[in-house]
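First up is the structure itself, then whatever we jot down about it.
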Amino acid sequence: MDENQFLNEFYKMLSPVDVWEGETNSIKEIFDARLARHGITINQAEKMLNMQKRTLEGILDGSAKRVDVINLLKLGQFLGLQMDALLKLFLNDMPQEMVGELEDAKKKSYILSTFDIKNLAKSGFLTTKTDFDQIEKRIVTYFGLKSIFQYSNKQIIPAFSKTKKSESGLMREFWVRSAYAHFDCLKNSNSYDKTKLIELIAKIKPYSMNVTTGLRTVTQALYNIGVSVIYQPHLQTTQVRGATFVINSKPCIVLTDLNKRYATIWFALLHELHHVIFDFDEIERNVFHLTGEADLFLLQEDKADEFARDYFLPAERSRFIYKYIDSPLVVANFAREHQIHPSMIYNFYCWDMDAAGKGSFWAKYKHTEADVKLALKDINIDPFDKERIEDTVNYLKENIFNI
């Protein structure tokens, strides 16, 4: 057979009609069958493929430590193998150390595309940005995963299934998945009762006056009627100031410290409780809703804001007290009469002045701020500082929810 005949035979083998349809787990078996079918010697096949004997044998018997992709593709065409079938057979024959290298590369690629390593390190969750074995171990241990790849499939969260992952998107997803995992592990056994929640909301306001224990007391009362509330720190690049989840048909609320202000924590709680009462079904369909981020599900944030604002300091009352904003005694008496902490009045004043374009007064009234760390000290169990989500949940059960 001369060179032209070789080429003609080779081209015939590339015909899409001539596709391997047998069953085998070996590239070599298909290769031998191909030679026998066409009456070709191995030397002739080497010339057709323009491969050296050692190169071809290395692919066929799986001994090659490195395989040129072009050679692999040529062999696949020669054997009439579709790409997916070729790769599957090639991986079956691959030496164990090469499989390990591919798996390691796959993990690193997954970690880089799924997690914002730089900002997770800035937030203190990770202690390294380069040791991928340590990064993998940290994430797997924290979420209680069997493998790093389980992260994306651990919970069904629709908003993250089709969105393009920016840095802020990766951090937001991490924050959401962490919160979800806490609630899933907590498993509030109390039945949710909407009527009882409405009755309880009417009693919450006075507890805002007690910086030390007020938030903890309200959190315990909410838990007893099936509404779980946890704290989770703000993460780099995110703007979440609160979130509502519906898991197993029960509402779950996350508070965060985006602005590190006492009034913001209470405002966020009432904002999210509004969502629980009026948007429960919509949130249940979408699993969660974030406040402070772009609204993915078009919930009415203005109404939730108005509800929280009117609950603590309606517009007509604020107009009165704002005239005396620089009279601490008047503000303190007014706050006591209306059962709110004085710092909330100053915060609302600063927000309103900002919104009206009348200037920024945050620095001027910073000294009036209540200690948000003191308010959060009982529920501020930084989950990102724990080895496992289960550690945080166990603490909450024993020390906050008295389970």
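In the structure tokens, each chain is lettered A, B, ... as it comes, each chain's residues begin at 1, and ligands are numbered from 1 in order of appearance.
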
According to DSSP computed on the backbone, where in stretch 138-307 of chain A is there strand (DSSP E)? Give the residues as a PyMOL selection string. chain A and resi 228-231+242-247+250-255+288-291

Minimum-distance residue to A:Ile400, chosen among A:Thr128, A:Asn259, A:Gln44, A:Ser228 (using only C-alpha atoms): A:Ser228

Applying 12 Å and only C-alpha atoms, which residues near A:Phe267 remain after dropping the ones on its own chain fewer than 3 positions away? List them as a PyMOL selection string. chain A and resi 204-205+208+215+241-242+255-257+259+261-264+270-274+291+304-313+340+344-345+347-348

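If you look at atom CA of A:Gln52 and atom CA of A:His38, they are 20.6 Å away from each other.
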
Might you pull out every residue within 10 Å of A:Lys107, with only C-alpha atoms counted and same-chain residues fewer than 6 positions away left off, and present them as number ranges by chain? A: 101, 113, 132-133, 136, 147-149

Would you put the residues from that selection into a file with N, CA and C atoms, as a tab-separated table (two decimals), in the first residue's frame?
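Full text of selection_14.tsv as output:
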```
chain	number	residue	atom	x	y	z
A	101	GLU	N	-3.74	14.17	39.56
A	101	GLU	CA	-3.37	15.51	39.13
A	101	GLU	C	-4.57	16.23	38.50
A	113	SER	N	-13.46	29.49	40.79
A	113	SER	CA	-14.66	29.99	40.10
A	113	SER	C	-15.86	30.10	41.02
A	132	PHE	N	-4.41	25.78	48.61
A	132	PHE	CA	-5.73	25.28	48.20
A	132	PHE	C	-6.18	24.06	49.00
A	133	ASP	N	-5.23	23.28	49.49
A	133	ASP	CA	-5.62	22.14	50.33
A	133	ASP	C	-6.25	22.64	51.63
A	136	GLU	N	-9.70	24.24	50.81
A	136	GLU	CA	-10.70	23.18	50.61
A	136	GLU	C	-11.14	22.58	51.94
A	147	SER	N	-17.56	16.54	49.92
A	147	SER	CA	-16.52	17.00	48.99
A	147	SER	C	-16.78	18.46	48.67
A	148	ILE	N	-15.77	19.15	48.18
A	148	ILE	CA	-15.90	20.57	47.86
A	148	ILE	C	-16.96	20.81	46.80
A	149	PHE	N	-17.14	19.84	45.90
A	149	PHE	CA	-18.11	20.01	44.82
A	149	PHE	C	-19.56	19.98	45.31
```

With only C-alpha atoms as the atoms that count, which of A:Tyr192, A:Leu35, A:Asp131, A:Ser26 lies nearest to A:Asn92?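 Looking only at the distances to A:Asn92, the closest residue turns out to be A:Ser26.
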
Any idea what's packed within 10 Å of A:Gln232, counting only C-alpha atoms, ignoring anything in its chain fewer than 6 positions away? Could you give it as a ChimeraX atom specification? /A:175-176,178-179,182,241-242,254-257,379-384

Which parts of stretch 195-288 of chain A does DSSP call helix (DSSP H, G or I) when run on the backbone here, written out as a compact mmCIF listing (two decimals) with C-alpha atoms, in the first residue's frame?
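What landed in selection-v6.txt:
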```txt
# COMPACT_ATOMS: atom_id res chain seq x y z
CA THR A 195 -51.44 35.24 64.35
CA LYS A 196 -49.07 34.86 67.29
CA LEU A 197 -46.37 36.69 65.35
CA ILE A 198 -48.66 39.68 64.77
CA GLU A 199 -49.51 39.70 68.47
CA LEU A 200 -45.84 39.52 69.41
CA ILE A 201 -44.78 42.34 67.08
CA ALA A 202 -47.06 44.69 69.03
CA LYS A 203 -44.97 43.95 72.14
CA ILE A 204 -41.44 44.19 70.70
CA LYS A 205 -40.80 47.95 70.73
CA PRO A 206 -40.11 48.47 74.49
CA TYR A 207 -37.31 45.90 74.35
CA SER A 208 -35.33 48.21 72.08
CA MET A 209 -34.77 50.38 75.18
CA GLY A 214 -33.55 43.37 74.67
CA LEU A 215 -32.58 41.79 71.36
CA ARG A 216 -31.87 38.44 72.97
CA THR A 217 -35.27 38.41 74.70
CA VAL A 218 -37.10 39.20 71.48
CA THR A 219 -35.08 36.57 69.60
CA GLN A 220 -36.09 33.93 72.16
CA ALA A 221 -39.76 34.92 71.97
CA LEU A 222 -39.74 34.75 68.17
CA TYR A 223 -38.10 31.33 68.22
CA ASN A 224 -40.86 30.02 70.47
CA TYR A 262 -27.91 49.87 67.03
CA ALA A 263 -30.97 51.41 65.37
CA THR A 264 -30.20 49.59 62.10
CA ILE A 265 -30.38 46.20 63.81
CA TRP A 266 -33.87 46.86 65.19
CA PHE A 267 -35.05 48.51 61.99
CA ALA A 268 -33.82 45.50 59.98
CA LEU A 269 -35.63 43.09 62.31
CA LEU A 270 -39.00 44.85 61.84
CA HIS A 271 -38.36 45.22 58.11
CA GLU A 272 -37.84 41.46 57.80
CA LEU A 273 -40.83 40.68 59.99
CA HIS A 274 -42.94 42.70 57.54
CA HIS A 275 -41.69 40.42 54.76
CA VAL A 276 -42.58 37.38 56.87
CA ILE A 277 -46.16 38.57 57.31
CA PHE A 278 -46.86 39.93 53.83
CA PHE A 280 -44.22 34.68 52.97
CA ASP A 281 -45.49 32.75 49.94
CA GLU A 282 -43.26 34.62 47.48
CA ILE A 283 -40.18 34.12 49.62
CA GLU A 284 -40.99 30.45 50.11
CA ARG A 285 -41.06 29.98 46.33
CA ASN A 286 -37.65 31.62 46.02
```

Atom CA of A:Asp68 to atom CA of A:Ala105: how many Å, to one decimal?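 Separation between atom CA of A:Asp68 and atom CA of A:Ala105: 17.5 Å.
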
For a quick check of understanding, using only C-alpha atoms, which of A:Phe401, A:Phe183, A:Phe115, A:Tyr151 has the smallest distance to A:Gly169?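 For A:Gly169, the nearest of the candidates is A:Phe115.
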
Ranking A:Arg177, A:Lys377, A:Lys122, A:His289 by minimum distance to A:Thr237 and counting only C-alpha atoms, which one comes first?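 Of A:Arg177, A:Lys377, A:Lys122, A:His289, the one nearest A:Thr237, counting only C-alpha atoms, is A:Lys122.
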
List the neighbours of A:Arg66 out to 10 Å using only C-alpha atoms; skip same-chain residues closer than 3 positions along the sequence, and give me the result as a PyMOL selection string. chain A and resi 55+58-59+63+69+98

Could you work out how far atom CA of A:Val330 lies from atom CA of A:Lys260, giving the answer in Å with one decimal? 25.6 Å

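Using only C-alpha atoms, the nearest neighbour of A:Asn71 within the list A:Asp193, A:Glu316, A:Glu301, A:Glu57 is A:Glu57.
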